[in-house]
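Structure file protein17.pdb with PDB, C-alpha atoms:
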ATOM      1  CA  MET A  32      82.421 179.624 -56.329  1.00  0.00           C
ATOM      2  CA  LYS A  33      85.753 178.346 -57.622  1.00  0.00           C
ATOM      3  CA  LEU A  34      88.896 180.214 -58.613  1.00  0.00           C
ATOM      4  CA  THR A  35      89.985 179.953 -62.233  1.00  0.00           C
ATOM      5  CA  GLU A  36      93.323 178.457 -63.237  1.00  0.00           C
ATOM      6  CA  GLU A  37      94.576 181.980 -63.945  1.00  0.00           C
ATOM      7  CA  GLN A  38      93.545 183.146 -60.476  1.00  0.00           C
ATOM      8  CA  MET A  39      95.157 180.098 -58.891  1.00  0.00           C
ATOM      9  CA  ALA A  40      98.368 180.817 -60.803  1.00  0.00           C
ATOM     10  CA  SER A  41      98.367 184.425 -59.557  1.00  0.00           C
ATOM     11  CA  TYR A  42      97.959 183.196 -55.978  1.00  0.00           C
ATOM     12  CA  ARG A  43     100.845 180.775 -56.326  1.00  0.00           C
ATOM     13  CA  GLU A  44     103.102 183.357 -57.983  1.00  0.00           C
ATOM     14  CA  LYS A  45     102.400 186.473 -55.899  1.00  0.00           C
ATOM     15  CA  GLY A  46     100.947 184.979 -52.756  1.00  0.00           C
ATOM     16  CA  TRP A  47      97.497 186.501 -53.249  1.00  0.00           C
ATOM     17  CA  VAL A  48      94.705 187.132 -55.706  1.00  0.00           C
ATOM     18  CA  VAL A  49      91.897 189.718 -55.750  1.00  0.00           C
ATOM     19  CA  VAL A  50      88.534 188.771 -57.272  1.00  0.00           C
ATOM     20  CA  PRO A  51      86.274 191.800 -57.903  1.00  0.00           C
ATOM     21  CA  GLY A  52      82.485 191.913 -57.860  1.00  0.00           C
ATOM     22  CA  VAL A  53      81.904 188.979 -55.516  1.00  0.00           C
ATOM     23  CA  LEU A  54      79.509 190.500 -52.963  1.00  0.00           C
ATOM     24  CA  SER A  55      76.551 192.654 -53.961  1.00  0.00           C
ATOM     25  CA  LYS A  56      75.624 196.053 -52.535  1.00  0.00           C
ATOM     26  CA  ASP A  57      72.885 194.411 -50.456  1.00  0.00           C
ATOM     27  CA  GLU A  58      75.288 191.816 -49.052  1.00  0.00           C
ATOM     28  CA  LEU A  59      77.782 194.534 -48.152  1.00  0.00           C
ATOM     29  CA  GLY A  60      74.971 196.398 -46.416  1.00  0.00           C
ATOM     30  CA  VAL A  61      74.291 193.370 -44.209  1.00  0.00           C
ATOM     31  CA  VAL A  62      77.968 193.138 -43.264  1.00  0.00           C
ATOM     32  CA  GLU A  63      78.177 196.867 -42.567  1.00  0.00           C
ATOM     33  CA  GLY A  64      75.145 196.655 -40.297  1.00  0.00           C
ATOM     34  CA  ALA A  65      76.889 193.954 -38.284  1.00  0.00           C
ATOM     35  CA  ILE A  66      80.021 196.105 -38.050  1.00  0.00           C
ATOM     36  CA  ARG A  67      78.007 199.038 -36.699  1.00  0.00           C
ATOM     37  CA  LYS A  68      76.495 196.803 -34.030  1.00  0.00           C
ATOM     38  CA  ILE A  69      79.937 195.692 -32.820  1.00  0.00           C
ATOM     39  CA  ALA A  70      82.037 198.800 -33.439  1.00  0.00           C
ATOM     40  CA  GLY A  71      79.539 201.653 -33.293  1.00  0.00           C
ATOM     41  CA  ASP A  72      80.066 204.722 -35.477  1.00  0.00           C
ATOM     42  CA  ARG A  73      83.777 205.484 -35.669  1.00  0.00           C
ATOM     43  CA  GLN A  74      84.853 208.721 -37.313  1.00  0.00           C
ATOM     44  CA  GLU A  75      88.059 210.566 -38.134  1.00  0.00           C
ATOM     45  CA  GLY A  76      91.264 209.864 -36.303  1.00  0.00           C
ATOM     46  CA  HIS A  77      90.591 206.191 -35.761  1.00  0.00           C
ATOM     47  CA  THR A  78      92.192 203.007 -37.003  1.00  0.00           C
ATOM     48  CA  GLU A  79      90.567 200.298 -34.970  1.00  0.00           C
ATOM     49  CA  VAL A  80      90.503 196.528 -35.192  1.00  0.00           C
ATOM     50  CA  PHE A  81      87.717 194.433 -33.676  1.00  0.00           C
ATOM     51  CA  TYR A  82      88.226 190.682 -33.288  1.00  0.00           C
ATOM     52  CA  GLY A  83      86.033 187.611 -32.893  1.00  0.00           C
ATOM     53  CA  LEU A  84      83.258 188.876 -35.156  1.00  0.00           C
ATOM     54  CA  HIS A  85      81.869 185.422 -35.975  1.00  0.00           C
ATOM     55  CA  LEU A  86      81.597 184.692 -32.245  1.00  0.00           C
ATOM     56  CA  LYS A  87      79.442 187.772 -31.610  1.00  0.00           C
ATOM     57  CA  ASP A  88      76.968 188.251 -34.462  1.00  0.00           C
ATOM     58  CA  GLU A  89      74.872 185.881 -36.586  1.00  0.00           C
ATOM     59  CA  ARG A  90      75.592 187.887 -39.729  1.00  0.00           C
ATOM     60  CA  PHE A  91      79.306 187.280 -39.328  1.00  0.00           C
ATOM     61  CA  LYS A  92      78.601 183.617 -38.622  1.00  0.00           C
ATOM     62  CA  SER A  93      77.038 183.539 -42.074  1.00  0.00           C
ATOM     63  CA  LEU A  94      79.849 185.551 -43.649  1.00  0.00           C
ATOM     64  CA  VAL A  95      82.581 183.120 -42.560  1.00  0.00           C
ATOM     65  CA  ARG A  96      80.460 180.337 -44.120  1.00  0.00           C
ATOM     66  CA  HIS A  97      79.739 182.217 -47.337  1.00  0.00           C
ATOM     67  CA  PRO A  98      80.622 180.024 -50.340  1.00  0.00           C
ATOM     68  CA  ALA A  99      82.665 182.858 -51.875  1.00  0.00           C
ATOM     69  CA  LEU A 100      84.991 182.582 -48.880  1.00  0.00           C
ATOM     70  CA  VAL A 101      84.845 178.894 -48.004  1.00  0.00           C
ATOM     71  CA  GLU A 102      85.047 177.280 -51.440  1.00  0.00           C
ATOM     72  CA  PRO A 103      88.080 179.180 -52.826  1.00  0.00           C
ATOM     73  CA  THR A 104      89.922 178.752 -49.519  1.00  0.00           C
ATOM     74  CA  ARG A 105      89.326 174.998 -49.520  1.00  0.00           C
ATOM     75  CA  GLN A 106      90.416 174.952 -53.150  1.00  0.00           C
ATOM     76  CA  LEU A 107      93.676 176.750 -52.339  1.00  0.00           C
ATOM     77  CA  LEU A 108      94.490 174.585 -49.316  1.00  0.00           C
ATOM     78  CA  GLU A 109      93.131 171.334 -50.760  1.00  0.00           C
ATOM     79  CA  ASN A 110      91.750 170.548 -47.337  1.00  0.00           C
ATOM     80  CA  ASP A 111      88.839 171.082 -44.994  1.00  0.00           C
ATOM     81  CA  ILE A 112      89.203 174.329 -43.057  1.00  0.00           C
ATOM     82  CA  TYR A 113      88.246 175.991 -39.785  1.00  0.00           C
ATOM     83  CA  VAL A 114      88.090 179.673 -38.793  1.00  0.00           C
ATOM     84  CA  MET A 115      91.150 180.814 -36.814  1.00  0.00           C
ATOM     85  CA  ASN A 116      89.884 184.353 -36.338  1.00  0.00           C
ATOM     86  CA  SER A 117      87.793 187.113 -37.843  1.00  0.00           C
ATOM     87  CA  ARG A 118      88.284 190.845 -37.532  1.00  0.00           C
ATOM     88  CA  VAL A 119      87.422 194.178 -39.100  1.00  0.00           C
ATOM     89  CA  ASN A 120      89.952 196.937 -39.724  1.00  0.00           C
ATOM     90  CA  LEU A 121      88.394 200.417 -39.734  1.00  0.00           C
ATOM     91  CA  LYS A 122      90.654 202.968 -41.388  1.00  0.00           C
ATOM     92  CA  HIS A 123      89.073 206.398 -41.329  1.00  0.00           C
ATOM     93  CA  THR A 124      90.924 209.679 -41.817  1.00  0.00           C
ATOM     94  CA  GLY A 125      94.001 209.698 -39.606  1.00  0.00           C
ATOM     95  CA  GLY A 126      94.488 206.686 -37.400  1.00  0.00           C
ATOM     96  CA  THR A 127      97.655 204.640 -37.209  1.00  0.00           C
ATOM     97  CA  VAL A 128     100.114 202.593 -39.221  1.00  0.00           C
ATOM     98  CA  MET A 129      99.866 198.802 -39.387  1.00  0.00           C
ATOM     99  CA  LYS A 130     103.525 197.814 -39.443  1.00  0.00           C
ATOM    100  CA  TRP A 131     105.005 195.110 -41.652  1.00  0.00           C
ATOM    101  CA  HIS A 132     104.220 191.591 -40.484  1.00  0.00           C
ATOM    102  CA  GLN A 133     103.154 188.089 -41.458  1.00  0.00           C
ATOM    103  CA  ASP A 134      99.860 186.764 -40.097  1.00  0.00           C
ATOM    104  CA  PHE A 135     101.362 183.297 -39.757  1.00  0.00           C
ATOM    105  CA  GLY A 136     104.112 184.662 -37.526  1.00  0.00           C
ATOM    106  CA  THR A 137     101.693 185.315 -34.669  1.00  0.00           C
ATOM    107  CA  PHE A 138      99.650 182.141 -35.144  1.00  0.00           C
ATOM    108  CA  HIS A 139     102.843 180.073 -35.132  1.00  0.00           C
ATOM    109  CA  ARG A 140     104.719 181.766 -32.305  1.00  0.00           C
ATOM    110  CA  LEU A 141     101.823 182.332 -29.897  1.00  0.00           C
ATOM    111  CA  ASP A 142      99.158 179.784 -30.838  1.00  0.00           C
ATOM    112  CA  GLY A 143     101.320 176.851 -31.878  1.00  0.00           C
ATOM    113  CA  VAL A 144     100.036 176.530 -35.450  1.00  0.00           C
ATOM    114  CA  PRO A 145     102.748 174.262 -36.891  1.00  0.00           C
ATOM    115  CA  GLU A 146     102.778 175.002 -40.625  1.00  0.00           C
ATOM    116  CA  PRO A 147     101.830 177.931 -42.916  1.00  0.00           C
ATOM    117  CA  ARG A 148      98.795 176.190 -44.372  1.00  0.00           C
ATOM    118  CA  GLY A 149      96.279 178.960 -43.957  1.00  0.00           C
ATOM    119  CA  VAL A 150      94.624 181.675 -46.022  1.00  0.00           C
ATOM    120  CA  MET A 151      93.743 185.228 -45.043  1.00  0.00           C
ATOM    121  CA  SER A 152      90.495 185.951 -46.870  1.00  0.00           C
ATOM    122  CA  ALA A 153      89.236 189.527 -46.938  1.00  0.00           C
ATOM    123  CA  VAL A 154      86.110 191.430 -47.959  1.00  0.00           C
ATOM    124  CA  PHE A 155      86.424 195.012 -49.227  1.00  0.00           C
ATOM    125  CA  LEU A 156      83.520 197.018 -47.783  1.00  0.00           C
ATOM    126  CA  ASP A 157      84.746 200.099 -49.647  1.00  0.00           C
ATOM    127  CA  GLU A 158      86.689 200.748 -52.795  1.00  0.00           C
ATOM    128  CA  VAL A 159      90.341 200.311 -51.903  1.00  0.00           C
ATOM    129  CA  ASN A 160      92.565 202.459 -54.097  1.00  0.00           C
ATOM    130  CA  ALA A 161      96.067 203.890 -54.139  1.00  0.00           C
ATOM    131  CA  CYS A 162      94.925 206.856 -52.017  1.00  0.00           C
ATOM    132  CA  ASN A 163      93.043 205.495 -48.983  1.00  0.00           C
ATOM    133  CA  ALA A 164      95.779 203.470 -47.262  1.00  0.00           C
ATOM    134  CA  PRO A 165      95.560 200.215 -49.211  1.00  0.00           C
ATOM    135  CA  LEU A 166      97.174 197.044 -47.981  1.00  0.00           C
ATOM    136  CA  LEU A 167     100.788 197.031 -49.176  1.00  0.00           C
ATOM    137  CA  ALA A 168     102.363 193.636 -49.785  1.00  0.00           C
ATOM    138  CA  ILE A 169     105.593 192.095 -51.041  1.00  0.00           C
ATOM    139  CA  PRO A 170     104.753 189.757 -53.937  1.00  0.00           C
ATOM    140  CA  GLY A 171     106.544 186.437 -53.666  1.00  0.00           C
ATOM    141  CA  SER A 172     107.482 186.913 -50.013  1.00  0.00           C
ATOM    142  CA  HIS A 173     105.487 183.772 -49.158  1.00  0.00           C
ATOM    143  CA  ARG A 174     108.344 181.778 -50.692  1.00  0.00           C
ATOM    144  CA  GLU A 175     110.561 182.891 -47.810  1.00  0.00           C
ATOM    145  CA  GLY A 176     108.492 181.035 -45.233  1.00  0.00           C
ATOM    146  CA  LEU A 177     108.622 182.441 -41.714  1.00  0.00           C
ATOM    147  CA  VAL A 178     110.970 185.436 -41.629  1.00  0.00           C
ATOM    148  CA  GLU A 179     112.685 187.167 -38.733  1.00  0.00           C
ATOM    149  CA  ALA A 180     110.366 189.298 -36.611  1.00  0.00           C
ATOM    150  CA  ILE A 181     110.321 191.119 -33.283  1.00  0.00           C
ATOM    151  CA  GLN A 182     107.387 191.042 -30.858  1.00  0.00           C
ATOM    152  CA  THR A 183     106.290 194.648 -30.494  1.00  0.00           C
ATOM    153  CA  ASP A 184     104.990 194.917 -26.932  1.00  0.00           C
ATOM    154  CA  PRO A 185     104.668 191.499 -25.239  1.00  0.00           C
ATOM    155  CA  ASP A 186     103.880 193.060 -21.853  1.00  0.00           C
ATOM    156  CA  GLY A 187     101.292 195.516 -23.148  1.00  0.00           C
ATOM    157  CA  PRO A 188      97.515 195.264 -22.661  1.00  0.00           C
ATOM    158  CA  ALA A 189      95.543 192.853 -24.837  1.00  0.00           C
ATOM    159  CA  SER A 190      93.549 195.790 -26.220  1.00  0.00           C
ATOM    160  CA  THR A 191      96.618 196.991 -28.126  1.00  0.00           C
ATOM    161  CA  GLY A 192      97.671 195.318 -31.348  1.00  0.00           C
ATOM    162  CA  GLY A 193     101.317 195.444 -30.353  1.00  0.00           C
ATOM    163  CA  LYS A 194     100.936 192.821 -27.622  1.00  0.00           C
ATOM    164  CA  TYR A 195     100.340 190.067 -30.164  1.00  0.00           C
ATOM    165  CA  ARG A 196     102.073 191.432 -33.259  1.00  0.00           C
ATOM    166  CA  PHE A 197     105.511 190.467 -34.539  1.00  0.00           C
ATOM    167  CA  ASP A 198     106.923 193.236 -36.742  1.00  0.00           C
ATOM    168  CA  ILE A 199     109.453 192.704 -39.523  1.00  0.00           C
ATOM    169  CA  PRO A 200     112.817 194.443 -38.825  1.00  0.00           C
ATOM    170  CA  ALA A 201     113.871 197.203 -41.236  1.00  0.00           C
ATOM    171  CA  GLU A 202     116.863 195.286 -42.600  1.00  0.00           C
ATOM    172  CA  THR A 203     114.711 192.228 -43.401  1.00  0.00           C
ATOM    173  CA  LEU A 204     112.074 194.407 -45.049  1.00  0.00           C
ATOM    174  CA  ASP A 205     114.739 196.149 -47.131  1.00  0.00           C
ATOM    175  CA  ARG A 206     116.097 192.801 -48.329  1.00  0.00           C
ATOM    176  CA  LEU A 207     112.653 191.488 -49.272  1.00  0.00           C
ATOM    177  CA  VAL A 208     111.581 194.631 -51.132  1.00  0.00           C
ATOM    178  CA  LYS A 209     114.828 194.685 -53.111  1.00  0.00           C
ATOM    179  CA  LYS A 210     114.331 191.030 -54.010  1.00  0.00           C
ATOM    180  CA  TYR A 211     110.600 190.972 -54.778  1.00  0.00           C
ATOM    181  CA  GLY A 212     109.299 194.538 -55.101  1.00  0.00           C
ATOM    182  CA  LEU A 213     106.210 196.047 -53.518  1.00  0.00           C
ATOM    183  CA  GLU A 214     102.550 196.341 -54.552  1.00  0.00           C
ATOM    184  CA  ALA A 215      99.373 198.036 -53.363  1.00  0.00           C
ATOM    185  CA  ILE A 216      96.385 195.683 -53.196  1.00  0.00           C
ATOM    186  CA  THR A 217      93.361 197.501 -54.581  1.00  0.00           C
ATOM    187  CA  GLY A 218      89.876 196.715 -55.815  1.00  0.00           C
ATOM    188  CA  PRO A 219      86.255 197.912 -55.860  1.00  0.00           C
ATOM    189  CA  ALA A 220      83.843 197.419 -52.976  1.00  0.00           C
ATOM    190  CA  GLY A 221      82.619 193.834 -52.930  1.00  0.00           C
ATOM    191  CA  SER A 222      85.993 192.406 -53.932  1.00  0.00           C
ATOM    192  CA  MET A 223      87.497 189.368 -52.225  1.00  0.00           C
ATOM    193  CA  LEU A 224      91.183 189.035 -51.401  1.00  0.00           C
ATOM    194  CA  TYR A 225      92.724 185.619 -50.806  1.00  0.00           C
ATOM    195  CA  MET A 226      96.264 185.805 -49.385  1.00  0.00           C
ATOM    196  CA  ASP A 227      98.824 183.281 -48.190  1.00  0.00           C
ATOM    197  CA  MET A 228      99.415 183.928 -44.487  1.00  0.00           C
ATOM    198  CA  THR A 229     103.180 184.186 -44.935  1.00  0.00           C
ATOM    199  CA  VAL A 230     102.980 187.183 -47.296  1.00  0.00           C
ATOM    200  CA  VAL A 231     104.686 190.199 -45.694  1.00  0.00           C
ATOM    201  CA  HIS A 232     102.241 193.122 -45.626  1.00  0.00           C
ATOM    202  CA  GLY A 233     101.284 196.335 -43.831  1.00  0.00           C
ATOM    203  CA  SER A 234      99.470 199.638 -44.366  1.00  0.00           C
ATOM    204  CA  SER A 235      99.970 203.346 -43.776  1.00  0.00           C
ATOM    205  CA  ILE A 236      97.880 206.101 -42.209  1.00  0.00           C
ATOM    206  CA  ASN A 237      94.821 207.113 -44.217  1.00  0.00           C
ATOM    207  CA  ILE A 238      95.304 210.829 -44.909  1.00  0.00           C
ATOM    208  CA  THR A 239      92.249 211.084 -47.185  1.00  0.00           C
ATOM    209  CA  PRO A 240      88.564 211.650 -46.339  1.00  0.00           C
ATOM    210  CA  LEU A 241      87.868 208.270 -47.983  1.00  0.00           C
ATOM    211  CA  ARG A 242      87.249 205.545 -45.423  1.00  0.00           C
ATOM    212  CA  ARG A 243      88.692 202.067 -45.937  1.00  0.00           C
ATOM    213  CA  ILE A 244      87.011 199.168 -44.170  1.00  0.00           C
ATOM    214  CA  ILE A 245      88.115 195.566 -44.714  1.00  0.00           C
ATOM    215  CA  VAL A 246      86.848 192.424 -42.982  1.00  0.00           C
ATOM    216  CA  TYR A 247      89.461 189.676 -42.607  1.00  0.00           C
ATOM    217  CA  ILE A 248      88.899 185.980 -41.931  1.00  0.00           C
ATOM    218  CA  ASN A 249      91.859 183.699 -41.314  1.00  0.00           C
ATOM    219  CA  TYR A 250      91.195 180.071 -42.232  1.00  0.00           C
ATOM    220  CA  ASN A 251      93.468 177.145 -41.457  1.00  0.00           C
ATOM    221  CA  ALA A 252      93.689 173.552 -42.676  1.00  0.00           C
ATOM    222  CA  ILE A 253      91.799 171.439 -40.180  1.00  0.00           C
ATOM    223  CA  ASP A 254      94.771 169.108 -39.588  1.00  0.00           C
ATOM    224  CA  ASN A 255      97.102 172.061 -38.886  1.00  0.00           C
ATOM    225  CA  ARG A 256      95.506 173.391 -35.714  1.00  0.00           C
ATOM    226  CA  GLY A 257      97.371 175.181 -32.958  1.00  0.00           C
ATOM    227  CA  ASN A 258      98.112 173.719 -29.546  1.00  0.00           C
ATOM    228  CA  THR A 259      99.319 176.472 -27.203  1.00  0.00           C
ATOM    229  CA  PHE A 260      96.876 179.396 -27.360  1.00  0.00           C
ATOM    230  CA  ALA A 261      98.584 182.311 -25.675  1.00  0.00           C
ATOM    231  CA  ARG A 262      95.782 184.593 -26.898  1.00  0.00           C
ATOM    232  CA  PRO A 263      92.072 184.880 -26.017  1.00  0.00           C
ATOM    233  CA  GLU A 264      89.496 183.089 -28.165  1.00  0.00           C
ATOM    234  CA  ASP A 265      88.589 186.284 -30.044  1.00  0.00           C
ATOM    235  CA  TYR A 266      92.120 186.262 -31.464  1.00  0.00           C
ATOM    236  CA  SER A 267      92.600 182.520 -31.901  1.00  0.00           C
ATOM    237  CA  ALA A 268      89.467 180.382 -32.057  1.00  0.00           C
ATOM    238  CA  ARG A 269      89.113 177.084 -30.193  1.00  0.00           C
ATOM    239  CA  ASP A 270      86.439 175.634 -32.485  1.00  0.00           C
ATOM    240  CA  PHE A 271      88.176 173.261 -34.903  1.00  0.00           C
ATOM    241  CA  ASN A 272      85.059 171.949 -36.617  1.00  0.00           C
ATOM    242  CA  ALA A 273      85.227 172.037 -40.392  1.00  0.00           C
ATOM    243  CA  VAL A 274      83.424 175.038 -41.872  1.00  0.00           C
ATOM    244  CA  GLN A 275      80.642 174.076 -44.262  1.00  0.00           C
ATOM    245  CA  ALA A 276      79.603 176.517 -46.974  1.00  0.00           C
ATOM    246  CA  GLN A 277      76.076 177.885 -46.647  1.00  0.00           C
ATOM    247  CA  GLU A 278      73.798 178.855 -49.511  1.00  0.00           C
ATOM    248  CA  ARG A 279      74.809 181.726 -51.791  1.00  0.00           C
ATOM    249  CA  ASP A 280      72.095 183.967 -50.322  1.00  0.00           C
ATOM    250  CA  CYS A 281      73.083 183.349 -46.682  1.00  0.00           C
ATOM    251  CA  LEU A 282      73.824 187.036 -46.053  1.00  0.00           C
ATOM    252  CA  LEU A 283      70.678 188.293 -47.746  1.00  0.00           C
ATOM    253  CA  ARG A 284      68.576 186.288 -45.303  1.00  0.00           C
ATOM    254  CA  HIS A 285      69.718 188.749 -42.622  1.00  0.00           C
ATOM    255  CA  MET A 286      68.497 191.859 -44.447  1.00  0.00           C
ATOM    256  CA  ALA A 287      65.726 192.412 -41.899  1.00  0.00           C
ATOM    257  CA  ALA A 288      68.181 192.128 -38.989  1.00  0.00           C
TER     258      ALA A 288
END

For the structure just supplied, provide its representation as structure tokens.
Amino acid sequence: MKLTEEQMASYREKGWVVVPGVLSKDELGVVEGAIRKIAGDRQEGHTEVFYGLHLKDERFKSLVRHPALVEPTRQLLENDIYVMNSRVNLKHTGGTVMKWHQDFGTFHRLDGVPEPRGVMSAVFLDEVNACNAPLLAIPGSHREGLVEAIQTDPDGPASTGGKYRFDIPAETLDRLVKKYGLEAITGPAGSMLYMDMTVVHGSSINITPLRRIIVYINYNAIDNRGNTFARPEDYSARDFNAVQAQERDCLLRHMAA
């Protein structure tokens, strides 16, 4: 699978592109089964993030090698790639806010990744719409490079997102929104999102009965690897081997699992 010139232009201009209709209902079912195995059945009042998926389940090992993820990411980076981390964000009714941040900020400051030459690729397990706490992003903010940020809770437990997150201060966010605007990233179930890791983004509490589950895989150019690793392997992988795309039906082969 390759992105079109129009899709590439959108990525360069906004910092991301959404491609609908990439994964089938059966493929999504395989991914959801793997999520249930790792996360169990989470209900209302939860926003939970589980990391290191591709290190724990064969279905996720196939997902991070799916050609719909690997080929467009290699195309965007013009380089071989490796998986920096994988995670699933479960947003049911209630839960918590994911404050404004850049993914690259953490990889750079804690893991020693030198340059913003990575892509956050995401799979929409559900329809993501304006109502169920979509990802909010500042189009064009990737042109700013690494922006000012504050580490939320450096002394907190590893089980909390705040320990490793660097939030964008209110005054910086205000400046960026005034300069570039703000958009909700939406799409039907089975869509793929490809986002530059310096795009400033966040999400609100889901106050609807509509769940919103997204799987994220961060890929990095293979010659841009980190060298400090302040985080466990689930958060920042140590395997720098180039990811090779599997066959298009790699997820469907797990349907009996």

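In this comparison, which uses all atoms listed in the file, the residue of A:Ser172, A:Gln277, A:Thr203, A:Asn110 approaching A:Arg148 most closely is A:Asn110.
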
Item to check | Residue contacts of A:Ser235 (7 Å, all atoms listed in the file) excluding same-chain residues fewer than 5 positions away, as a ChimeraX atom specification | outcome: /A:128-129,164

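Coordinates place atom CA of A:Val62 at a distance of 12.9 Å from atom CA of A:Lys87.
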
Next on the checklist: Considering all atoms listed in the file, can you say which of A:Leu121, A:Ile236, A:Ala215, A:Ala168 comes closest to A:Ala70?
Outcome noted: A:Leu121

Next on the checklist: With distances taken over all atoms listed in the file, which residue among A:Gly221, A:Gly233, A:Pro263, A:Gly171 lies nearest A:Ala153?
Outcome noted: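 Checking each candidate against A:Ala153, we get A:Gly221 as the closest.
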
Checklist entry - Leaving out A:Tyr82 and any residue of its chain fewer than 6 positions from it, which residues lie within 12 Å of it when counting all atoms listed in the file, given as a PyMOL selection string? => result chain A and resi 66+69-70+88+91+115-121+189-192+246-249+262-268

Checklist entry - Using only C-alpha atoms, which of A:Ser222, A:Thr239, A:Thr229, A:Asn255 sits nearest A:Leu177? => result A:Thr229

Item to check | Residue neighbourhood A:Arg256, 10 Å, all atoms listed in the file, exclusion window fewer than 4 positions, as a PyMOL selection string | outcome: chain A and resi 112-113+115+138-139+142-146+148-149+251-252+268-271

Checklist entry - What's the 9 Å shell around A:Trp131, counting all atoms listed in the file, without same-chain residues fewer than 6 positions away, as an MDAnalysis selection string? => result chainID A and resid 167:168 197:200 204 231:234

Regenerate stretch 77-94 of chain A at the level of N, CA and C atoms and dump it as a CSV table (one decimal), keeping the file's coordinate frame.
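Okay, this is what ended up in rebuild.csv:
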chain,number,residue,atom,x,y,z
A,77,HIS,N,90.6,207.5,-36.3
A,77,HIS,CA,90.6,206.2,-35.8
A,77,HIS,C,91.1,205.2,-36.8
A,78,THR,N,92.0,204.3,-36.3
A,78,THR,CA,92.2,203.0,-37.0
A,78,THR,C,92.0,202.0,-35.9
A,79,GLU,N,90.9,201.2,-36.0
A,79,GLU,CA,90.6,200.3,-35.0
A,79,GLU,C,90.3,198.9,-35.6
A,80,VAL,N,90.7,197.9,-34.8
A,80,VAL,CA,90.5,196.5,-35.2
A,80,VAL,C,89.7,195.8,-34.1
A,81,PHE,N,88.6,195.2,-34.6
A,81,PHE,CA,87.7,194.4,-33.7
A,81,PHE,C,87.8,193.0,-34.1
A,82,TYR,N,88.0,192.1,-33.1
A,82,TYR,CA,88.2,190.7,-33.3
A,82,TYR,C,87.0,189.8,-32.9
A,83,GLY,N,87.0,188.6,-33.3
A,83,GLY,CA,86.0,187.6,-32.9
A,83,GLY,C,84.6,187.9,-33.4
A,84,LEU,N,84.5,188.5,-34.6
A,84,LEU,CA,83.3,188.9,-35.2
A,84,LEU,C,82.3,187.7,-35.3
A,85,HIS,N,82.8,186.6,-35.8
A,85,HIS,CA,81.9,185.4,-36.0
A,85,HIS,C,81.4,184.8,-34.7
A,86,LEU,N,82.0,185.2,-33.6
A,86,LEU,CA,81.6,184.7,-32.2
A,86,LEU,C,80.5,185.6,-31.6
A,87,LYS,N,80.3,186.7,-32.2
A,87,LYS,CA,79.4,187.8,-31.6
A,87,LYS,C,78.2,188.1,-32.4
A,88,ASP,N,78.1,187.8,-33.7
A,88,ASP,CA,77.0,188.3,-34.5
A,88,ASP,C,76.6,187.2,-35.5
A,89,GLU,N,75.3,186.9,-35.7
A,89,GLU,CA,74.9,185.9,-36.6
A,89,GLU,C,75.2,186.2,-38.0
A,90,ARG,N,75.3,187.5,-38.4
A,90,ARG,CA,75.6,187.9,-39.7
A,90,ARG,C,77.0,187.5,-40.1
A,91,PHE,N,77.9,187.7,-39.1
A,91,PHE,CA,79.3,187.3,-39.3
A,91,PHE,C,79.5,185.8,-39.3
A,92,LYS,N,78.6,185.1,-38.6
A,92,LYS,CA,78.6,183.6,-38.6
A,92,LYS,C,78.3,183.1,-40.0
A,93,SER,N,77.4,183.9,-40.7
A,93,SER,CA,77.0,183.5,-42.1
A,93,SER,C,78.2,183.9,-43.0
A,94,LEU,N,78.8,185.1,-42.8
A,94,LEU,CA,79.8,185.6,-43.6
A,94,LEU,C,81.0,184.6,-43.7
